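*Asks:* Here you go, one structure.
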Amino acid sequence: MAAKLVAGAYAADISPRNSQFLFGYPHVSRYSTGIHDPLLSSSMYLCDGSTEALIIANDLIYVSRETCRRVRGRVAEATSIPESHIMITATHTHSGPVTVDLLSSSGDSVVPPPDPEYIRFAEGQMVVSAIRAQRSARPARVGLALAKVLDNQTNRHEPRGTNDPDIPVLVVRDAVHDRYQACMVIYSVHPTALHERSTLVSADFPGAIRQYLQDTLLGHDCTFLYHTGPAGNQSPRHVISSNDFVAAEKLGGEIGEIIGAVVPAVQYSDHVPISVAQENVELIPRAMPTIAEATARVRQAAEELDRHRRVGSPPEVVRTAECDWFGAEETLTLAHAAQDGRLQSAYKACLPCEVQAIRLGPWVFVAWPGEVFVEYSLLVKKEHANVFIASLANGELQGYIVTEDAVLQNRYEAGNSIFDYRSGMHLVKATERLLAQLRGSGRDAMQTAPSSLPTLGSVMR
C-alpha cells in the first residue's frame, strides 16, 4: 500500500514596507498610502511518501519568469523539492506593487519600473513561505468539492457571455489534530473590485474571501491559497455597484459563503498519489499593425468612448469603451516596439512558456502563464473531468491570450496582447498531452476519478 499523505502550509506577508506604485490601471499615478489588508505568499506542500509538490499563491499582479526561476532555485536548494514540482501563481490584484516591465505599458509615462528592493523582499518571503510549509508537514487528509456561482455574470464585455461559474475547493485537514490545515480555490474572475481611486494596498476581493472563510469556518491557522483561473475576459464589473472596499468585501463575503457551503461535503483520503508533468510551449507572435493603422484605431476608440460619455451610457459600458481605448493606445505602443526591436526582445523573454500539471490523486491542477481568455480552459474542462486550471502561473506573457472574436471586435485585451489568438490552442493541446502523460504515470488513480464531485450552487447577490 502507498504511504500516507503528509502536508504542510504556511503564509508569509509580502505587503510592501514603503510606498509603492500600484499597478493595473493606465494613466493613473497611484502610489500606496497604506495597507488595507495584507498581501500574502501562501504555500501548500504535499508528499505521498515518494513524490513532493509545492504550490505557492501570491497576492501580486504578476510573478515574472525570472522571479519564478530564482524562487524555485532557492527553494530546491533549501529543501528536497525538485524545481519542476513547484507551482508559483499570482492572484492578479490591481492594488499591489508593480512587479514586471510590461512592454505595452512602456508608453504610459506614469508607470515606473519595478522596485528591485521590493522584488527581492517578495521573493525572499516566497522562499520563507515554501520552506516553512515543508517543515510543518504532518500526516494529513485531502478532499475536494465543487462550488458553483449561479447567475454568474462575470464576462466583462457581455454580462450573459461566456464565463466559468465553477470553483474547485481543495481542503487539507491535519490528521493528527483533525483541523483545517489548508484550503485552495480557483475562480476565473479578475480581482478588480477596487479601481484607480483606491490607494491602499489590498488583495482585493480574494483577500475578503480569505478573511470571511478564516473568520467563519476555517480558522486563522488554516492557510488559504487563491488562484485566478483563466479570466482574461472576466471581471466583477457587472456584479458590483461600486469600486470600493465596501463592494470588494461584499463580493468576497458572497463568494466565501458559496465556498464555505461545500466544505462539509468534502470526502477525505490520506492515500493521494502525486505526479507532476511539464512542457515548454512555443506561441505564435501577433502580426502588429503599422503605426499609421494603430494611430487610426486610437482615434476611432477615442471617438467611441466620447460618444458613450455624451449619451450617458451606463458606467459599465463606459468602462468597457474606456478599456478598449486603452487597448488601442497599447497597440500603438507595440507597433512602435515592433519597429525598433523591443518587441522581439519581449518574445525572447517569454518563450518558450511553461505549461505544468500537478496530479493529486483523481484531480489535476494545471498551470498556464499569462492572462488567458476563459474559452480556452472551458475547452479542456469539456473533455476532462476533475481538471482545474490556474492562470498567471510560472511567469507571464506580457498580456493576454485572446479569442478570434476579441480580435475582430477590437477589444481591449486584443490590443494589449503580443501573441496571436491561435496561441490559446497551443496551451490547450499542451495540456492534453500532459494529461495523457499523467494518465500513463498514474493510471489507477486517474481511472478512479469520479464523474461528478460534491457540488453546491449559490447565487451571487
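Ligands are numbered from 1 in the order shown, chains are lettered A, B, ... in the order of the C-alpha cells, and residues start at 1 in each chain.
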Which residues of segment 287-367 of chain A come within 12 Å of segment 19-38 of chain A, and what is each one's closest atom pair and distance in Å (one decimal), counting only C-alpha atoms, sorted by chain and residue number, as JSON lines?
*Replies:*
{"residue": "A:Arg319", "atom": "CA", "partner": "A:Tyr25", "partner_atom": "CA", "distance": 11.7}
{"residue": "A:Glu322", "atom": "CA", "partner": "A:Pro26", "partner_atom": "CA", "distance": 10.3}
{"residue": "A:Cys323", "atom": "CA", "partner": "A:Pro26", "partner_atom": "CA", "distance": 9.1}
{"residue": "A:Asp324", "atom": "CA", "partner": "A:Pro26", "partner_atom": "CA", "distance": 11.8}
{"residue": "A:Trp325", "atom": "CA", "partner": "A:Pro26", "partner_atom": "CA", "distance": 10.6}
{"residue": "A:Phe326", "atom": "CA", "partner": "A:Pro26", "partner_atom": "CA", "distance": 7.2}
{"residue": "A:Gly327", "atom": "CA", "partner": "A:Pro26", "partner_atom": "CA", "distance": 9.9}
{"residue": "A:Glu329", "atom": "CA", "partner": "A:Pro26", "partner_atom": "CA", "distance": 10.1}
{"residue": "A:Glu330", "atom": "CA", "partner": "A:Pro26", "partner_atom": "CA", "distance": 9.8}
*Asks:* Take the residues that were just selected and, keeping all heavy atoms, output them as a PDB file, in the first residue's frame.
*Replies:*
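Listed below is the output, again.pdb:
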ATOM      1  N   ARG A 319     -16.980  52.086 -19.083  1.00  0.00           N
ATOM      2  CA  ARG A 319     -15.713  51.487 -18.671  1.00  0.00           C
ATOM      3  C   ARG A 319     -15.174  50.546 -19.748  1.00  0.00           C
ATOM      4  O   ARG A 319     -13.963  50.529 -20.022  1.00  0.00           O
ATOM      5  CB  ARG A 319     -15.894  50.713 -17.357  1.00  0.00           C
ATOM      6  CG  ARG A 319     -14.600  50.126 -16.806  1.00  0.00           C
ATOM      7  CD  ARG A 319     -13.593  51.222 -16.477  1.00  0.00           C
ATOM      8  NE  ARG A 319     -12.375  50.689 -15.882  1.00  0.00           N
ATOM      9  CZ  ARG A 319     -11.334  51.425 -15.533  1.00  0.00           C
ATOM     10  NH1 ARG A 319     -11.368  52.734 -15.717  1.00  0.00           N
ATOM     11  NH2 ARG A 319     -10.264  50.879 -15.013  1.00  0.00           N
ATOM     12  N   GLU A 322     -13.754  52.654 -22.417  1.00  0.00           N
ATOM     13  CA  GLU A 322     -12.501  53.248 -21.954  1.00  0.00           C
ATOM     14  C   GLU A 322     -11.355  52.245 -22.049  1.00  0.00           C
ATOM     15  O   GLU A 322     -10.250  52.574 -22.496  1.00  0.00           O
ATOM     16  CB  GLU A 322     -12.675  53.731 -20.512  1.00  0.00           C
ATOM     17  CG  GLU A 322     -11.491  54.501 -19.970  1.00  0.00           C
ATOM     18  CD  GLU A 322     -11.765  55.025 -18.575  1.00  0.00           C
ATOM     19  OE1 GLU A 322     -12.401  54.313 -17.771  1.00  0.00           O
ATOM     20  OE2 GLU A 322     -11.321  56.162 -18.287  1.00  0.00           O
ATOM     21  N   CYS A 323     -11.636  51.007 -21.646  1.00  0.00           N
ATOM     22  CA  CYS A 323     -10.610  49.961 -21.730  1.00  0.00           C
ATOM     23  C   CYS A 323     -10.233  49.670 -23.184  1.00  0.00           C
ATOM     24  O   CYS A 323      -9.054  49.426 -23.490  1.00  0.00           O
ATOM     25  CB  CYS A 323     -11.102  48.699 -21.040  1.00  0.00           C
ATOM     26  SG  CYS A 323     -11.146  48.824 -19.236  1.00  0.00           S
ATOM     27  N   ASP A 324     -11.223  49.694 -24.081  1.00  0.00           N
ATOM     28  CA  ASP A 324     -10.916  49.484 -25.500  1.00  0.00           C
ATOM     29  C   ASP A 324     -10.001  50.591 -26.028  1.00  0.00           C
ATOM     30  O   ASP A 324      -9.129  50.341 -26.876  1.00  0.00           O
ATOM     31  CB  ASP A 324     -12.209  49.417 -26.311  1.00  0.00           C
ATOM     32  CG  ASP A 324     -12.997  48.141 -26.042  1.00  0.00           C
ATOM     33  OD1 ASP A 324     -12.429  47.199 -25.464  1.00  0.00           O
ATOM     34  OD2 ASP A 324     -14.187  48.096 -26.414  1.00  0.00           O
ATOM     35  N   TRP A 325     -10.185  51.796 -25.532  1.00  0.00           N
ATOM     36  CA  TRP A 325      -9.300  52.912 -25.904  1.00  0.00           C
ATOM     37  C   TRP A 325      -7.889  52.659 -25.356  1.00  0.00           C
ATOM     38  O   TRP A 325      -6.892  52.860 -26.064  1.00  0.00           O
ATOM     39  CB  TRP A 325      -9.880  54.214 -25.363  1.00  0.00           C
ATOM     40  CG  TRP A 325      -8.993  55.421 -25.516  1.00  0.00           C
ATOM     41  CD1 TRP A 325      -8.392  55.860 -26.666  1.00  0.00           C
ATOM     42  CD2 TRP A 325      -8.625  56.337 -24.484  1.00  0.00           C
ATOM     43  NE1 TRP A 325      -7.656  57.003 -26.410  1.00  0.00           N
ATOM     44  CE2 TRP A 325      -7.792  57.318 -25.075  1.00  0.00           C
ATOM     45  CE3 TRP A 325      -8.926  56.428 -23.132  1.00  0.00           C
ATOM     46  CZ2 TRP A 325      -7.252  58.365 -24.342  1.00  0.00           C
ATOM     47  CZ3 TRP A 325      -8.390  57.487 -22.405  1.00  0.00           C
ATOM     48  CH2 TRP A 325      -7.562  58.438 -23.006  1.00  0.00           C
ATOM     49  N   PHE A 326      -7.814  52.200 -24.093  1.00  0.00           N
ATOM     50  CA  PHE A 326      -6.501  51.852 -23.536  1.00  0.00           C
ATOM     51  C   PHE A 326      -5.810  50.807 -24.425  1.00  0.00           C
ATOM     52  O   PHE A 326      -4.611  50.895 -24.705  1.00  0.00           O
ATOM     53  CB  PHE A 326      -6.639  51.265 -22.134  1.00  0.00           C
ATOM     54  CG  PHE A 326      -7.135  52.222 -21.080  1.00  0.00           C
ATOM     55  CD1 PHE A 326      -7.815  51.744 -19.959  1.00  0.00           C
ATOM     56  CD2 PHE A 326      -6.921  53.587 -21.196  1.00  0.00           C
ATOM     57  CE1 PHE A 326      -8.270  52.613 -18.978  1.00  0.00           C
ATOM     58  CE2 PHE A 326      -7.380  54.473 -20.220  1.00  0.00           C
ATOM     59  CZ  PHE A 326      -8.062  53.978 -19.110  1.00  0.00           C
ATOM     60  N   GLY A 327      -6.584  49.803 -24.850  1.00  0.00           N
ATOM     61  CA  GLY A 327      -6.017  48.757 -25.691  1.00  0.00           C
ATOM     62  C   GLY A 327      -5.506  49.289 -27.008  1.00  0.00           C
ATOM     63  O   GLY A 327      -4.452  48.860 -27.508  1.00  0.00           O
ATOM     64  N   GLU A 329      -4.380  52.305 -27.528  1.00  0.00           N
ATOM     65  CA  GLU A 329      -3.130  53.008 -27.232  1.00  0.00           C
ATOM     66  C   GLU A 329      -1.971  52.020 -27.058  1.00  0.00           C
ATOM     67  O   GLU A 329      -0.858  52.276 -27.532  1.00  0.00           O
ATOM     68  CB  GLU A 329      -3.295  53.821 -25.945  1.00  0.00           C
ATOM     69  CG  GLU A 329      -4.181  55.035 -26.064  1.00  0.00           C
ATOM     70  CD  GLU A 329      -4.098  55.903 -24.821  1.00  0.00           C
ATOM     71  OE1 GLU A 329      -4.097  55.337 -23.710  1.00  0.00           O
ATOM     72  OE2 GLU A 329      -4.013  57.130 -24.972  1.00  0.00           O
ATOM     73  N   GLU A 330      -2.261  50.905 -26.408  1.00  0.00           N
ATOM     74  CA  GLU A 330      -1.209  49.923 -26.180  1.00  0.00           C
ATOM     75  C   GLU A 330      -0.789  49.246 -27.478  1.00  0.00           C
ATOM     76  O   GLU A 330       0.382  48.891 -27.655  1.00  0.00           O
ATOM     77  CB  GLU A 330      -1.679  48.920 -25.118  1.00  0.00           C
ATOM     78  CG  GLU A 330      -1.734  49.550 -23.737  1.00  0.00           C
ATOM     79  CD  GLU A 330      -2.549  48.777 -22.728  1.00  0.00           C
ATOM     80  OE1 GLU A 330      -3.300  47.865 -23.120  1.00  0.00           O
ATOM     81  OE2 GLU A 330      -2.440  49.084 -21.523  1.00  0.00           O
TER      82      GLU A 330
END
*Asks:* What are the nearest atom pairs, with distances in Å to one decimal, for all residues of segment 288-369 of chain A that come at most 9 Å from segment 82-104 of chain A, using only C-alpha atoms, set out by chain and rising residue number as JSON lines?
*Replies:*
{"residue": "A:Gly327", "atom": "CA", "partner": "A:Ser104", "partner_atom": "CA", "distance": 8.9}
{"residue": "A:Glu329", "atom": "CA", "partner": "A:Ser104", "partner_atom": "CA", "distance": 8.6}
{"residue": "A:Glu330", "atom": "CA", "partner": "A:Ser104", "partner_atom": "CA", "distance": 5.1}
{"residue": "A:Thr331", "atom": "CA", "partner": "A:Ser104", "partner_atom": "CA", "distance": 7.3}
{"residue": "A:Leu332", "atom": "CA", "partner": "A:Ser104", "partner_atom": "CA", "distance": 8.7}
{"residue": "A:Thr333", "atom": "CA", "partner": "A:Ser104", "partner_atom": "CA", "distance": 6.0}
{"residue": "A:Leu334", "atom": "CA", "partner": "A:Ser104", "partner_atom": "CA", "distance": 6.0}
{"residue": "A:Ala337", "atom": "CA", "partner": "A:Leu103", "partner_atom": "CA", "distance": 8.0}
{"residue": "A:Arg342", "atom": "CA", "partner": "A:Leu103", "partner_atom": "CA", "distance": 8.0}
{"residue": "A:Leu343", "atom": "CA", "partner": "A:Leu103", "partner_atom": "CA", "distance": 7.6}
{"residue": "A:Ala346", "atom": "CA", "partner": "A:Leu103", "partner_atom": "CA", "distance": 7.3}
{"residue": "A:Gln356", "atom": "CA", "partner": "A:Met87", "partner_atom": "CA", "distance": 7.8}
{"residue": "A:Ala357", "atom": "CA", "partner": "A:Met87", "partner_atom": "CA", "distance": 8.9}
{"residue": "A:Ile358", "atom": "CA", "partner": "A:His85", "partner_atom": "CA", "distance": 7.7}
{"residue": "A:Ala367", "atom": "CA", "partner": "A:Met87", "partner_atom": "CA", "distance": 7.3}
{"residue": "A:Pro369", "atom": "CA", "partner": "A:Thr89", "partner_atom": "CA", "distance": 8.6}
*Asks:* Please write the residues from the selection above to a file, keeping N, CA and C atoms, as a short mmCIF file (atom, residue, chain, number, x, y, z; two decimals), in the first residue's frame.
*Replies:*
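Below is the file that was written, again.cif:
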data_model
loop_
_atom_site.label_atom_id
_atom_site.label_comp_id
_atom_site.auth_asym_id
_atom_site.auth_seq_id
_atom_site.Cartn_x
_atom_site.Cartn_y
_atom_site.Cartn_z
N GLY A 327 -6.58 49.80 -24.85
CA GLY A 327 -6.02 48.76 -25.69
C GLY A 327 -5.51 49.29 -27.01
N GLU A 329 -4.38 52.30 -27.53
CA GLU A 329 -3.13 53.01 -27.23
C GLU A 329 -1.97 52.02 -27.06
N GLU A 330 -2.26 50.91 -26.41
CA GLU A 330 -1.21 49.92 -26.18
C GLU A 330 -0.79 49.25 -27.48
N THR A 331 -1.73 49.04 -28.40
CA THR A 331 -1.36 48.52 -29.71
C THR A 331 -0.41 49.48 -30.42
N LEU A 332 -0.68 50.78 -30.31
CA LEU A 332 0.21 51.76 -30.93
C LEU A 332 1.60 51.67 -30.31
N THR A 333 1.67 51.50 -28.99
CA THR A 333 2.97 51.32 -28.33
C THR A 333 3.68 50.09 -28.87
N LEU A 334 2.94 49.00 -29.03
CA LEU A 334 3.53 47.76 -29.53
C LEU A 334 3.94 47.88 -30.99
N ALA A 337 7.17 49.39 -30.92
CA ALA A 337 8.15 48.42 -30.41
C ALA A 337 8.53 47.40 -31.48
N ARG A 342 12.21 46.18 -29.81
CA ARG A 342 11.88 45.84 -28.43
C ARG A 342 10.87 44.69 -28.35
N LEU A 343 10.00 44.59 -29.34
CA LEU A 343 9.00 43.51 -29.31
C LEU A 343 9.68 42.15 -29.43
N ALA A 346 10.96 41.09 -26.19
CA ALA A 346 9.89 40.63 -25.29
C ALA A 346 9.53 39.18 -25.58
N GLN A 356 2.29 23.43 -16.88
CA GLN A 356 2.60 22.48 -15.82
C GLN A 356 1.32 21.82 -15.33
N ALA A 357 1.41 20.56 -14.93
CA ALA A 357 0.25 19.85 -14.39
C ALA A 357 0.68 19.06 -13.16
N ILE A 358 -0.05 19.24 -12.08
CA ILE A 358 0.19 18.50 -10.83
C ILE A 358 -1.03 17.64 -10.55
N ALA A 367 -1.28 24.61 -14.64
CA ALA A 367 -0.80 25.99 -14.54
C ALA A 367 -0.52 26.54 -15.93
N PRO A 369 0.58 30.18 -17.99
CA PRO A 369 1.07 31.54 -17.79
C PRO A 369 0.13 32.56 -18.43
#
*Asks:* Write down as a count of residues only the residues of segment 237-435 of chain A whose backbone DSSP state falls under alpha helix (DSSP H).
*Replies:* 107
*Asks:* For the atom pair atom CA of Cys47 of chain A and atom CA of Val272 of chain A, what is the interatomic distance in Å to one decimal place?
*Replies:*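 Between atom CA of Cys47 of chain A and atom CA of Val272 of chain A the gap works out to 8.7 Å.
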*Asks:* Calculated over only C-alpha atoms, which of the candidates A:His190, A:Arg286, A:His195, A:Arg210 has the smallest distance to Val372 of chain A?
*Replies:* A:His190
*Asks:* Determine the nearest neighbour of Cys350 of chain A from the options A:Val298, A:Val281, A:Ala147, A:Val428, counting only C-alpha atoms.
*Replies:*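 Among A:Val298, A:Val281, A:Ala147, A:Val428, it is A:Val281 that comes nearest to Cys350 of chain A.
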